[in-house]
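To be precise, the following lines are structure.tsv, and they hold TSV, C-alpha atoms and all ligand atoms.
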chain	number	residue	atom	x	y	z
A	1	MET	CA	0.00	0.00	0.00
A	2	VAL	CA	1.29	3.45	-0.85
A	3	THR	CA	0.60	6.03	1.84
A	4	LYS	CA	0.68	9.68	0.92
A	5	GLU	CA	1.58	12.25	3.53
A	6	VAL	CA	-1.29	14.62	4.08
A	7	GLU	CA	-0.24	18.28	4.03
A	8	MET	CA	-1.80	20.52	6.61
A	9	GLN	CA	-2.13	24.27	6.61
A	10	THR	CA	0.64	25.97	8.59
A	11	ASN	CA	-0.31	29.26	10.23
A	12	LEU	CA	2.46	31.81	10.61
A	13	ILE	CA	1.99	34.50	13.25
A	14	GLU	CA	4.38	37.37	13.77
A	15	ILE	CA	4.93	38.42	17.33
A	16	ASP	CA	6.90	41.30	18.89
A	17	ALA	CA	9.84	39.64	20.64
A	18	GLN	CA	10.17	42.30	23.33
A	19	SER	CA	6.52	42.58	24.31
A	20	PRO	CA	4.77	39.43	23.10
A	21	ASP	CA	1.09	39.91	22.27
A	22	LYS	CA	-0.96	38.13	24.97
A	23	GLU	CA	-3.58	36.71	22.64
A	24	MET	CA	-1.02	35.23	20.27
A	25	VAL	CA	0.83	33.71	23.20
A	26	ALA	CA	-2.43	32.28	24.54
A	27	GLN	CA	-3.26	30.78	21.13
A	28	ALA	CA	0.13	29.02	20.95
A	29	GLY	CA	-0.16	27.88	24.59
A	30	LYS	CA	-3.62	26.43	24.02
A	31	LEU	CA	-2.55	24.48	20.95
A	32	LEU	CA	0.41	23.05	22.91
A	33	ALA	CA	-1.76	22.15	25.91
A	34	GLN	CA	-4.06	20.24	23.51
A	35	GLY	CA	-1.14	18.13	22.25
A	36	GLY	CA	-0.32	20.18	19.11
A	37	LEU	CA	3.08	21.16	17.71
A	38	VAL	CA	4.22	24.80	17.60
A	39	ALA	CA	7.53	26.18	16.29
A	40	ILE	CA	8.78	28.88	18.62
A	41	PRO	CA	11.69	31.31	18.64
A	42	THR	CA	14.40	30.92	21.29
A	43	GLU	CA	17.61	32.90	21.73
A	44	THR	CA	19.62	30.05	20.14
A	45	VAL	CA	17.61	28.61	17.24
A	46	TYR	CA	13.90	28.00	16.55
A	47	GLY	CA	12.47	25.01	18.42
A	48	LEU	CA	9.65	22.61	17.49
A	49	ALA	CA	7.70	22.40	20.73
A	50	ALA	CA	5.19	19.93	22.20
A	51	ASN	CA	3.94	19.11	25.70
A	52	ALA	CA	6.87	17.18	27.19
A	53	LEU	CA	4.57	15.26	29.53
A	54	ASP	CA	2.40	13.93	26.68
A	55	GLY	CA	4.09	10.98	24.96
A	56	GLN	CA	1.70	11.15	22.01
A	57	ALA	CA	2.48	14.83	21.37
A	58	VAL	CA	6.21	14.14	21.63
A	59	ARG	CA	5.91	11.29	19.11
A	60	ALA	CA	4.53	13.83	16.61
A	61	ILE	CA	7.75	15.88	16.91
A	62	PHE	CA	9.82	12.91	15.73
A	63	ALA	CA	7.42	12.35	12.82
A	64	ALA	CA	7.34	16.00	11.68
A	65	LYS	CA	11.14	16.31	11.73
A	66	GLY	CA	11.91	12.84	10.42
A	67	ARG	CA	14.09	12.50	13.52
A	68	PRO	CA	15.66	9.13	14.43
A	69	GLN	CA	13.79	7.63	17.40
A	70	ASP	CA	17.00	7.18	19.41
A	71	ASN	CA	17.90	10.90	19.51
A	72	PRO	CA	16.53	12.44	22.75
A	73	LEU	CA	14.91	15.87	23.12
A	74	ILE	CA	15.53	18.85	25.42
A	75	VAL	CA	12.77	19.81	27.87
A	76	HIS	CA	12.22	23.59	28.18
A	77	ILE	CA	10.98	25.30	31.33
A	78	ALA	CA	10.05	28.92	32.09
A	79	ASP	CA	11.19	29.11	35.73
A	80	PRO	CA	13.97	27.42	37.72
A	81	GLU	CA	11.34	25.75	39.97
A	82	GLY	CA	10.26	23.79	36.89
A	83	LEU	CA	13.44	21.71	37.11
A	84	THR	CA	12.74	19.77	40.33
A	85	PRO	CA	9.78	17.64	39.11
A	86	LEU	CA	11.66	16.60	35.95
A	87	VAL	CA	14.75	15.13	37.62
A	88	ARG	CA	15.53	12.36	40.10
A	89	GLU	CA	18.06	14.32	42.10
A	90	LEU	CA	19.37	17.87	42.05
A	91	PRO	CA	23.14	18.05	42.58
A	92	GLN	CA	24.78	21.26	43.87
A	93	THR	CA	26.46	21.73	40.49
A	94	ALA	CA	23.07	21.91	38.77
A	95	LEU	CA	21.82	24.53	41.21
A	96	ALA	CA	24.99	26.59	40.78
A	97	LEU	CA	24.86	26.39	36.98
A	98	ALA	CA	21.15	27.25	36.88
A	99	LYS	CA	21.80	30.26	39.08
A	100	ALA	CA	24.69	31.44	36.91
A	101	PHE	CA	23.37	30.77	33.39
A	102	TRP	CA	19.57	30.49	33.42
A	103	PRO	CA	17.66	31.78	31.69
A	104	GLY	CA	20.02	31.23	28.78
A	105	PRO	CA	21.67	28.87	26.30
A	106	LEU	CA	22.65	26.09	28.72
A	107	THR	CA	21.13	22.59	28.78
A	108	MET	CA	21.84	20.26	31.71
A	109	ILE	CA	21.61	16.45	31.60
A	110	LEU	CA	20.37	14.95	34.87
A	111	GLY	CA	18.63	11.77	36.06
A	112	ARG	CA	15.10	11.57	34.55
A	113	SER	CA	12.12	11.52	36.92
A	114	PRO	CA	9.17	9.17	36.22
A	115	LEU	CA	7.09	12.26	35.30
A	116	VAL	CA	8.97	12.54	31.98
A	117	PRO	CA	7.84	9.98	29.38
A	118	ALA	CA	10.66	7.71	28.18
A	119	ILE	CA	10.16	8.77	24.55
A	120	VAL	CA	11.36	12.31	25.40
A	121	SER	CA	14.76	10.89	26.30
A	122	ALA	CA	14.68	8.15	23.67
A	123	GLY	CA	14.57	5.59	26.47
A	124	LEU	CA	17.63	6.92	28.36
A	125	ASP	CA	17.32	7.26	32.13
A	126	THR	CA	18.51	10.86	31.88
A	127	VAL	CA	16.76	14.06	30.79
A	128	ALA	CA	18.04	17.26	29.17
A	129	VAL	CA	16.57	20.47	30.63
A	130	ARG	CA	16.97	24.10	29.64
A	131	MET	CA	15.37	27.40	30.60
A	132	PRO	CA	15.55	29.70	27.55
A	133	SER	CA	15.87	33.47	27.89
A	134	HIS	CA	13.81	34.44	24.83
A	135	PRO	CA	10.73	36.36	26.10
A	136	VAL	CA	8.44	34.69	23.52
A	137	ALA	CA	9.66	31.19	24.41
A	138	ARG	CA	9.16	31.80	28.11
A	139	ALA	CA	5.73	33.38	27.64
A	140	ILE	CA	4.58	30.41	25.53
A	141	ILE	CA	5.89	27.83	28.02
A	142	ARG	CA	3.98	29.64	30.78
A	143	ALA	CA	0.83	29.83	28.67
A	144	ALA	CA	1.02	26.11	27.85
A	145	GLY	CA	1.26	25.39	31.58
A	146	VAL	CA	3.57	22.41	30.97
A	147	PRO	CA	7.26	21.92	30.19
A	148	LEU	CA	7.91	21.79	26.44
A	149	ALA	CA	10.04	19.24	24.62
A	150	ALA	CA	11.67	21.07	21.71
A	151	PRO	CA	14.39	20.03	19.28
A	152	SER	CA	15.57	22.51	16.66
A	153	ALA	CA	12.72	23.16	14.19
A	154	ASN	CA	14.47	21.88	11.06
A	155	ARG	CA	14.02	18.67	9.07
A	156	SER	CA	16.40	16.20	10.66
A	157	GLY	CA	19.91	16.59	9.22
A	158	SER	CA	19.55	20.06	7.73
A	159	PRO	CA	20.95	23.28	9.25
A	160	SER	CA	19.11	24.50	12.35
A	161	PRO	CA	16.64	27.33	11.65
A	162	THR	CA	17.50	30.82	12.86
A	163	THR	CA	14.48	32.54	11.25
A	164	ALA	CA	10.80	31.66	10.90
A	165	ALA	CA	11.30	31.53	7.12
A	166	HIS	CA	13.77	28.64	7.61
A	167	VAL	CA	11.16	26.82	9.71
A	168	MET	CA	8.53	27.34	7.00
A	169	ASP	CA	10.96	26.02	4.35
A	170	ASP	CA	11.54	22.83	6.36
A	171	LEU	CA	8.26	22.19	8.16
A	172	GLY	CA	5.60	24.19	6.28
A	173	GLY	CA	2.67	21.83	5.60
A	174	ARG	CA	3.77	19.50	8.42
A	175	ILE	CA	2.90	21.48	11.57
A	176	PRO	CA	-0.07	23.71	12.44
A	177	LEU	CA	1.67	26.83	13.79
A	178	VAL	CA	4.92	28.79	13.49
A	179	VAL	CA	5.48	31.78	15.79
A	180	ASP	CA	7.77	34.34	14.15
A	181	GLY	CA	9.74	36.29	16.75
A	182	GLY	CA	12.47	37.51	14.38
A	183	ALA	CA	16.01	36.22	13.88
A	184	CYS	CA	17.69	34.31	16.74
A	185	GLY	CA	20.40	36.24	18.58
A	186	VAL	CA	22.87	33.42	19.29
A	187	GLY	CA	22.42	31.36	16.12
A	188	VAL	CA	23.82	28.01	17.35
A	189	GLU	CA	22.13	25.62	19.76
A	190	SER	CA	22.63	25.63	23.52
A	191	THR	CA	25.65	24.22	25.33
A	192	VAL	CA	24.77	20.69	26.51
A	193	VAL	CA	26.52	19.67	29.74
A	194	SER	CA	26.11	16.30	31.43
A	195	LEU	CA	26.05	16.32	35.24
A	196	ILE	CA	25.71	12.55	35.54
A	197	SER	CA	29.31	11.86	36.56
A	198	ASP	CA	31.44	13.72	39.12
A	199	ILE	CA	33.15	15.94	36.56
A	200	PRO	CA	30.71	17.79	34.29
A	201	VAL	CA	31.12	16.93	30.58
A	202	ILE	CA	30.31	19.18	27.62
A	203	LEU	CA	28.50	17.05	25.05
A	204	ARG	CA	27.76	19.95	22.72
A	205	PRO	CA	29.56	23.33	22.89
A	206	GLY	CA	27.50	26.53	22.70
A	207	ALA	CA	27.34	30.13	23.82
A	208	VAL	CA	28.00	29.21	27.46
A	209	THR	CA	31.67	28.30	27.12
A	210	ARG	CA	33.83	25.77	28.97
A	211	GLU	CA	35.74	28.68	30.55
A	212	GLN	CA	32.47	30.16	31.88
A	213	LEU	CA	31.30	26.81	33.24
A	214	GLU	CA	34.64	26.18	34.95
A	215	ARG	CA	34.43	29.47	36.79
A	216	VAL	CA	31.26	28.18	38.48
A	217	VAL	CA	31.86	24.44	39.00
A	218	GLY	CA	35.61	23.87	38.61
A	219	LYS	CA	36.97	21.32	36.15
A	220	VAL	CA	34.79	20.55	33.11
A	221	ARG	CA	35.66	17.99	30.42
A	222	VAL	CA	34.87	18.26	26.72
A	223	ASP	CA	33.58	14.98	25.29
A	224	ASP	CA	35.67	13.40	22.51
A	225	GLY	CA	32.64	13.53	20.23
A	226	VAL	CA	32.78	17.35	20.11
A	227	LEU	CA	35.79	17.38	17.78
A	228	HIS	CA	36.05	13.78	16.59
A	229	GLN	CA	33.83	11.36	14.77
A	230	VAL	CA	32.43	8.79	17.18
A	231	SER	CA	32.59	5.32	15.71
A	232	ASP	CA	29.38	3.29	15.64
A	233	SER	CA	30.93	0.70	17.94
A	234	VAL	CA	31.45	3.25	20.72
A	235	LYS	CA	28.26	4.31	22.44
A	236	ALA	CA	27.90	8.03	21.83
A	237	SER	CA	27.54	10.04	25.05
A	238	SER	CA	24.95	12.11	23.28
A	239	PRO	CA	23.07	10.22	20.59
A	240	GLY	CA	22.92	13.41	18.49
A	241	MET	CA	26.68	13.15	17.93
A	242	LYS	CA	26.28	10.12	15.69
A	243	TYR	CA	24.22	11.72	13.02
A	244	ARG	CA	25.20	13.70	9.98
A	245	HIS	CA	24.09	17.14	10.97
A	246	TYR	CA	23.50	20.69	9.92
A	247	SER	CA	24.21	19.78	6.32
A	248	PRO	CA	23.11	21.88	3.41
A	249	ARG	CA	22.53	20.05	0.11
A	250	ALA	CA	25.99	21.17	-1.02
A	251	ARG	CA	29.08	19.17	-0.10
A	252	VAL	CA	31.01	21.14	2.53
A	253	ILE	CA	34.77	20.84	3.05
A	254	MET	CA	36.44	22.59	5.94
A	255	VAL	CA	39.76	24.29	5.21
A	256	GLU	CA	42.22	24.88	8.06
A	257	ALA	CA	44.43	27.75	6.92
A	258	ASP	CA	45.19	31.42	7.43
A	259	SER	CA	43.53	33.96	5.17
A	260	ASP	CA	46.18	34.08	2.41
A	261	ARG	CA	46.62	30.34	2.17
A	262	TYR	CA	42.85	29.75	2.22
A	263	CYS	CA	42.21	32.26	-0.57
A	264	ASP	CA	45.04	30.86	-2.72
A	265	TYR	CA	43.70	27.35	-2.25
A	266	VAL	CA	40.08	28.19	-3.08
A	267	ASN	CA	40.97	30.46	-6.04
A	268	ASN	CA	42.59	27.45	-7.71
A	269	LEU	CA	39.49	25.26	-7.55
A	270	ASP	CA	36.96	25.09	-10.38
A	271	GLY	CA	33.37	26.07	-9.54
A	272	ALA	CA	33.98	26.15	-5.81
A	273	PHE	CA	32.00	28.36	-3.45
A	274	ALA	CA	33.76	29.90	-0.48
A	275	LEU	CA	32.25	30.17	2.98
A	276	CYS	CA	34.72	32.74	4.21
A	277	PHE	CA	35.41	35.51	6.69
A	278	GLU	CA	34.97	39.18	5.84
A	279	GLU	CA	38.75	39.68	5.62
A	280	ASP	CA	39.01	37.06	2.85
A	281	ILE	CA	36.60	38.78	0.45
A	282	PRO	CA	39.04	41.15	-1.35
A	283	LYS	CA	41.37	38.23	-2.11
A	284	LEU	CA	38.76	35.78	-3.47
A	285	HIS	CA	37.97	35.28	-7.16
A	286	VAL	CA	35.23	32.70	-6.60
A	287	ASN	CA	31.61	32.98	-5.45
A	288	TYR	CA	31.38	33.38	-1.72
A	289	VAL	CA	29.17	33.84	1.31
A	290	ASN	CA	30.86	35.36	4.33
A	291	TYR	CA	29.96	34.39	7.87
A	292	GLY	CA	31.41	37.30	9.76
A	293	ALA	CA	34.70	38.78	10.85
A	294	GLN	CA	37.60	36.45	11.59
A	295	GLY	CA	37.89	37.57	15.19
A	296	ASP	CA	34.18	37.72	15.99
A	297	ALA	CA	32.92	34.29	17.08
A	298	SER	CA	29.48	35.64	18.09
A	299	GLU	CA	28.93	36.99	14.60
A	300	GLN	CA	30.09	33.68	13.11
A	301	ALA	CA	27.68	31.80	15.37
A	302	ARG	CA	24.80	34.07	14.42
A	303	LEU	CA	25.48	33.74	10.69
A	304	LEU	CA	26.67	30.13	10.25
A	305	PHE	CA	23.38	28.27	9.73
A	306	PHE	CA	21.93	31.20	7.81
A	307	SER	CA	24.96	31.13	5.49
A	308	LEU	CA	24.74	27.36	4.93
A	309	ARG	CA	21.14	27.78	3.81
A	310	GLU	CA	22.13	30.76	1.64
A	311	LEU	CA	24.74	28.63	-0.15
A	312	ASP	CA	22.01	26.14	-1.11
A	313	ARG	CA	19.85	28.98	-2.37
A	314	LEU	CA	22.72	30.14	-4.57
A	315	GLY	CA	23.02	26.66	-6.01
A	316	ALA	CA	26.44	25.86	-4.57
A	317	LYS	CA	27.52	22.25	-5.20
A	318	THR	CA	30.84	22.29	-3.35
A	319	VAL	CA	31.62	24.67	-0.51
A	320	TYR	CA	35.08	25.29	0.95
A	321	ALA	CA	34.60	26.72	4.42
A	322	ARG	CA	37.32	28.58	6.28
A	323	ALA	CA	37.69	26.96	9.72
A	324	PRO	CA	37.02	29.14	12.77
A	325	ILE	CA	39.27	29.31	15.84
A	326	LYS	CA	38.29	26.61	18.38
A	327	ARG	CA	38.23	28.94	21.37
A	328	GLY	CA	35.28	30.18	23.48
A	329	LEU	CA	32.13	30.34	21.34
A	330	GLY	CA	34.38	29.53	18.36
A	331	LEU	CA	34.44	25.91	19.57
A	332	ALA	CA	30.68	25.71	18.97
A	333	VAL	CA	31.01	27.22	15.51
A	334	TYR	CA	33.82	24.77	14.69
A	335	ASN	CA	31.80	21.82	16.01
A	336	ARG	CA	28.76	22.65	13.82
A	337	LEU	CA	30.83	23.33	10.71
A	338	LEU	CA	32.79	20.10	11.19
A	339	ARG	CA	29.50	18.18	11.23
A	340	ALA	CA	28.14	20.08	8.24
A	341	ALA	CA	31.33	18.95	6.48
A	342	GLY	CA	30.82	15.34	7.57
A	343	PHE	CA	34.30	15.62	9.18
A	344	GLU	CA	35.96	16.35	5.82
A	345	VAL	CA	38.88	18.69	6.58
A	346	VAL	CA	41.80	19.77	4.37
A	347	VAL	CA	44.98	21.52	5.48
A	348	PRO	CA	46.59	23.12	2.38
A	349	THR	CA	50.40	23.17	2.47
A	401	LIG	O1	19.41	25.57	21.77
A	401	LIG	C1	18.89	24.46	21.80
A	401	LIG	O2	19.27	23.57	22.58
A	401	LIG	C2	17.73	24.20	20.84
A	401	LIG	C3	16.58	25.11	21.22
A	401	LIG	C4	15.33	24.83	20.44
A	401	LIG	O3	16.35	25.04	22.61
A	401	LIG	N1	17.35	22.81	20.87
A	401	LIG	C5	18.11	21.84	20.30
A	401	LIG	O4	17.57	20.58	20.37
A	401	LIG	O5	19.17	22.06	19.77
A	401	LIG	P1	18.08	19.35	19.48
A	401	LIG	O6	17.11	18.28	19.71
A	401	LIG	O7	18.27	19.80	18.07
A	401	LIG	O8	19.44	18.93	20.13
A	401	LIG	C6	19.43	18.28	21.39
A	401	LIG	C7	20.77	17.63	21.63
A	401	LIG	C8	20.97	16.42	20.78
A	401	LIG	O9	22.31	16.36	20.35
A	401	LIG	C9	20.65	15.27	21.75
A	401	LIG	O10	21.30	14.07	21.40
A	401	LIG	C10	21.14	15.84	23.06
A	401	LIG	O11	20.84	17.23	23.00
A	401	LIG	N2	20.41	15.26	24.21
A	401	LIG	C11	19.12	15.45	24.56
A	401	LIG	N3	18.81	14.71	25.65
A	401	LIG	C12	19.93	14.05	25.99
A	401	LIG	C13	20.26	13.11	27.02
A	401	LIG	N4	19.34	12.72	27.91
A	401	LIG	N5	21.52	12.63	27.07
A	401	LIG	C14	22.45	13.03	26.17
A	401	LIG	N6	22.21	13.90	25.17
A	401	LIG	C15	20.96	14.40	25.07
A	402	MG	MG	18.93	19.82	16.14

So that I can check it, write out the structure of this file as structure tokens.
Amino acid sequence: MVTKEVEMQTNLIEIDAQSPDKEMVAQAGKLLAQGGLVAIPTETVYGLAANALDGQAVRAIFAAKGRPQDNPLIVHIADPEGLTPLVRELPQTALALAKAFWPGPLTMILGRSPLVPAIVSAGLDTVAVRMPSHPVARAIIRAAGVPLAAPSANRSGSPSPTTAAHVMDDLGGRIPLVVDGGACGVGVESTVVSLISDIPVILRPGAVTREQLERVVGKVRVDDGVLHQVSDSVKASSPGMKYRHYSPRARVIMVEADSDRYCDYVNNLDGAFALCFEEDIPKLHVNYVNYGAQGDASEQARLLFFSLRELDRLGAKTVYARAPIKRGLGLAVYNRLLRAAGFEVVVPT
């Protein structure tokens, strides 16, 4: 039997990020409380939200995104008090990190309480929790009256959406509502830190950096999967590490070189597109998209996913991306680009 996917109408509502319209917020909250899916803006990327306590609603997230069933979701709360019912125990480190970085782009992995359906965590006995700072996200969580499970609102595998237009491109016709709160300020997903073992471990780098975390809780490790490909035989600490990620349709190759060497290398390639820094532009003779100034990791973070989507729009087939510096927020940018490149890196000599 051939089954055809039924398209639904996707409503797009624009909302003022600074003072969210109460009726629009209530509409989104009601839909979520009834088990529906709503794409919402957060300070990192857009999220595809559903009631985290409703297994059926959460199942619909996986279906809409085409997400592998073994990749767990982050649960979003509006107030720090929302954390306690979701977790089995609350270590001092979690309290200290929440105090220092919430609301904001930090996700903590803790023991999962029985309140959270197993499907949210893809069967793991842990749960990922974050309290976003975006006023629209927080207002909608409050209006829903329940914690919200929300992965990035892209089709699984493609670059995370940093505008409502990206969400419409990926999920239009598949979800009932997209709330447009403008472009996301951070541009890459939250830092994910596991607090399951004695020393906290960064599973995914983000805007809250290792240096910042260490100032609050002392030594923090960075998981091997952040900069290296985890082999299938090794159990990934974070299932999301296994998957090809953030990829545009174009093939992406990361180039580790200074500006002159990078430009020389790319100028000698036929039909290549450059994903470069601002400083490279005057030296390039090929088509390019720039993702910010060389020394400005926040700008690179804000522009990276946007630029990857732009390269597809321009019809790029092969993209040579200048590698960012792996320091501070730059580590997050590097991590996402490395995955977009499927770990293909060249070092021109
Ligand atoms: O900034 C963000 O975190 C955005 C916005 C929408 O909040 N959300 C987001 O969700 O990036 P998602 O699903 O695209 O990424 C969640 C990541 C995945 O890599 C997943 O494997 C990991 O967090 N994760 C979730 N729960 C986990 C758990 N219990 N143990 C280990 N890793 C977990
Ligand atoms: Mg994602």

**OP:** Name the residues in contact with Leu269 of chain A at a cut-off of 10 Å, using only C-alpha atoms, excluding same-chain residues fewer than 5 positions from it; report them as a list in words.
**Re:** Asp264, Val286 and Tyr320 of chain A

Subject >> Site check for ligand MG 402 (chain A): residues at most 9 Å away, only C-alpha atoms and all ligand atoms, as a count of residues only >> reply: 17

**OP:** Work out how far apart atom CA of Arg221 of chain A and atom CA of Val186 of chain A are and give it in Å to one decimal.
**Re:**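 These two atoms are separated by 22.9 Å.
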
Could you list the protein, DNA and RNA residues that have any atom within 7 Å of ligand LIG 401 (chain A), counting only C-alpha atoms and all ligand atoms, and write them as an mmCIF file with C-alpha atoms, in the coordinates of the input?
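Written file, pocket-v5.cif:
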data_model
loop_
_atom_site.group_PDB
_atom_site.id
_atom_site.type_symbol
_atom_site.label_atom_id
_atom_site.label_comp_id
_atom_site.auth_asym_id
_atom_site.auth_seq_id
_atom_site.Cartn_x
_atom_site.Cartn_y
_atom_site.Cartn_z
ATOM 1 C CA THR A 42 14.400 30.920 21.290
ATOM 2 C CA THR A 44 19.620 30.050 20.140
ATOM 3 C CA VAL A 45 17.610 28.610 17.240
ATOM 4 C CA TYR A 46 13.900 28.000 16.550
ATOM 5 C CA GLY A 47 12.470 25.010 18.420
ATOM 6 C CA LEU A 48 9.650 22.610 17.490
ATOM 7 C CA ASN A 71 17.900 10.900 19.510
ATOM 8 C CA PRO A 72 16.530 12.440 22.750
ATOM 9 C CA LEU A 73 14.910 15.870 23.120
ATOM 10 C CA ILE A 74 15.530 18.850 25.420
ATOM 11 C CA PRO A 105 21.670 28.870 26.300
ATOM 12 C CA THR A 107 21.130 22.590 28.780
ATOM 13 C CA ILE A 109 21.610 16.450 31.600
ATOM 14 C CA SER A 121 14.760 10.890 26.300
ATOM 15 C CA LEU A 124 17.630 6.920 28.360
ATOM 16 C CA THR A 126 18.510 10.860 31.880
ATOM 17 C CA VAL A 127 16.760 14.060 30.790
ATOM 18 C CA ALA A 128 18.040 17.260 29.170
ATOM 19 C CA PRO A 132 15.550 29.700 27.550
ATOM 20 C CA ALA A 150 11.670 21.070 21.710
ATOM 21 C CA PRO A 151 14.390 20.030 19.280
ATOM 22 C CA SER A 152 15.570 22.510 16.660
ATOM 23 C CA ALA A 153 12.720 23.160 14.190
ATOM 24 C CA VAL A 188 23.820 28.010 17.350
ATOM 25 C CA GLU A 189 22.130 25.620 19.760
ATOM 26 C CA SER A 190 22.630 25.630 23.520
ATOM 27 C CA THR A 191 25.650 24.220 25.330
ATOM 28 C CA VAL A 192 24.770 20.690 26.510
ATOM 29 C CA ARG A 204 27.760 19.950 22.720
ATOM 30 C CA SER A 237 27.540 10.040 25.050
ATOM 31 C CA SER A 238 24.950 12.110 23.280
ATOM 32 C CA PRO A 239 23.070 10.220 20.590
ATOM 33 C CA GLY A 240 22.920 13.410 18.490
ATOM 34 C CA MET A 241 26.680 13.150 17.930
#

**OP:** Please provide the set of residues having any atom within 8 Å of Val116 of chain A, restricted to all atoms listed in the file, with same-chain residues fewer than 2 positions apart removed, written as a list in words.
**Re:**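 Those residues are Ala52, Leu53, Leu86, Arg112, Ser113, Pro114, Ala118 and Val120 of chain A.
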
Subject >> Among the residues A:Arg327, A:Arg138, A:Arg215, A:His285, the one that comes closest to Ile40 of chain A [using only C-alpha atoms] >> reply: A:Arg138

**OP:** Identify, on the basis of all atoms listed in the file, every residue whose closest approach to Met108 of chain A does not exceed 7 Å; exclude the query and any residue fewer than 5 positions from it along the same chain; express the result as a count of residues only.
**Re:** 7

**OP:** Find the spatial neighbours of Phe277 of chain A, counting only C-alpha atoms, within a cut-off of 8 Å - ignore same-chain residues fewer than 3 positions away - and output them as a list in words.
**Re:** Asp280, Ile281, Asn290, Tyr291, Gly292, Ala293, Gln294 and Arg322 of chain A

May I ask you to restore N, CA, C and O atoms in segment 117-128 of chain A and write the result as a compact mmCIF listing (two decimals), in the frame of the given file?
# COMPACT_ATOMS: atom_id res chain seq x y z
N PRO A 117 7.98 11.21 30.16
CA PRO A 117 7.84 9.98 29.38
C PRO A 117 9.16 9.56 28.76
O PRO A 117 9.96 10.41 28.35
N ALA A 118 9.40 8.24 28.69
CA ALA A 118 10.66 7.71 28.18
C ALA A 118 10.96 8.21 26.76
O ALA A 118 12.12 8.44 26.41
N ILE A 119 9.94 8.39 25.95
CA ILE A 119 10.16 8.77 24.55
C ILE A 119 10.88 10.12 24.43
O ILE A 119 11.65 10.35 23.50
N VAL A 120 10.69 11.00 25.40
CA VAL A 120 11.36 12.31 25.40
C VAL A 120 12.87 12.11 25.37
O VAL A 120 13.60 12.80 24.66
N SER A 121 13.33 11.16 26.17
CA SER A 121 14.76 10.89 26.30
C SER A 121 15.20 9.70 25.47
O SER A 121 16.28 9.14 25.70
N ALA A 122 14.37 9.30 24.53
CA ALA A 122 14.68 8.15 23.67
C ALA A 122 15.06 6.93 24.51
O ALA A 122 15.98 6.19 24.17
N GLY A 123 14.36 6.77 25.64
CA GLY A 123 14.57 5.59 26.47
C GLY A 123 15.71 5.70 27.48
O GLY A 123 15.86 4.84 28.33
N LEU A 124 16.54 6.76 27.39
CA LEU A 124 17.63 6.92 28.36
C LEU A 124 17.05 7.21 29.74
O LEU A 124 15.93 7.71 29.86
N ASP A 125 17.84 6.95 30.81
CA ASP A 125 17.32 7.26 32.13
C ASP A 125 17.73 8.67 32.58
O ASP A 125 17.64 9.03 33.74
N THR A 126 18.16 9.47 31.60
CA THR A 126 18.51 10.86 31.88
C THR A 126 17.54 11.79 31.14
O THR A 126 16.78 11.34 30.29
N VAL A 127 17.59 13.08 31.50
CA VAL A 127 16.76 14.06 30.79
C VAL A 127 17.57 15.34 30.62
O VAL A 127 18.35 15.72 31.49
N ALA A 128 17.38 15.99 29.46
CA ALA A 128 18.04 17.26 29.17
C ALA A 128 17.05 18.39 29.46
O ALA A 128 15.92 18.35 29.00
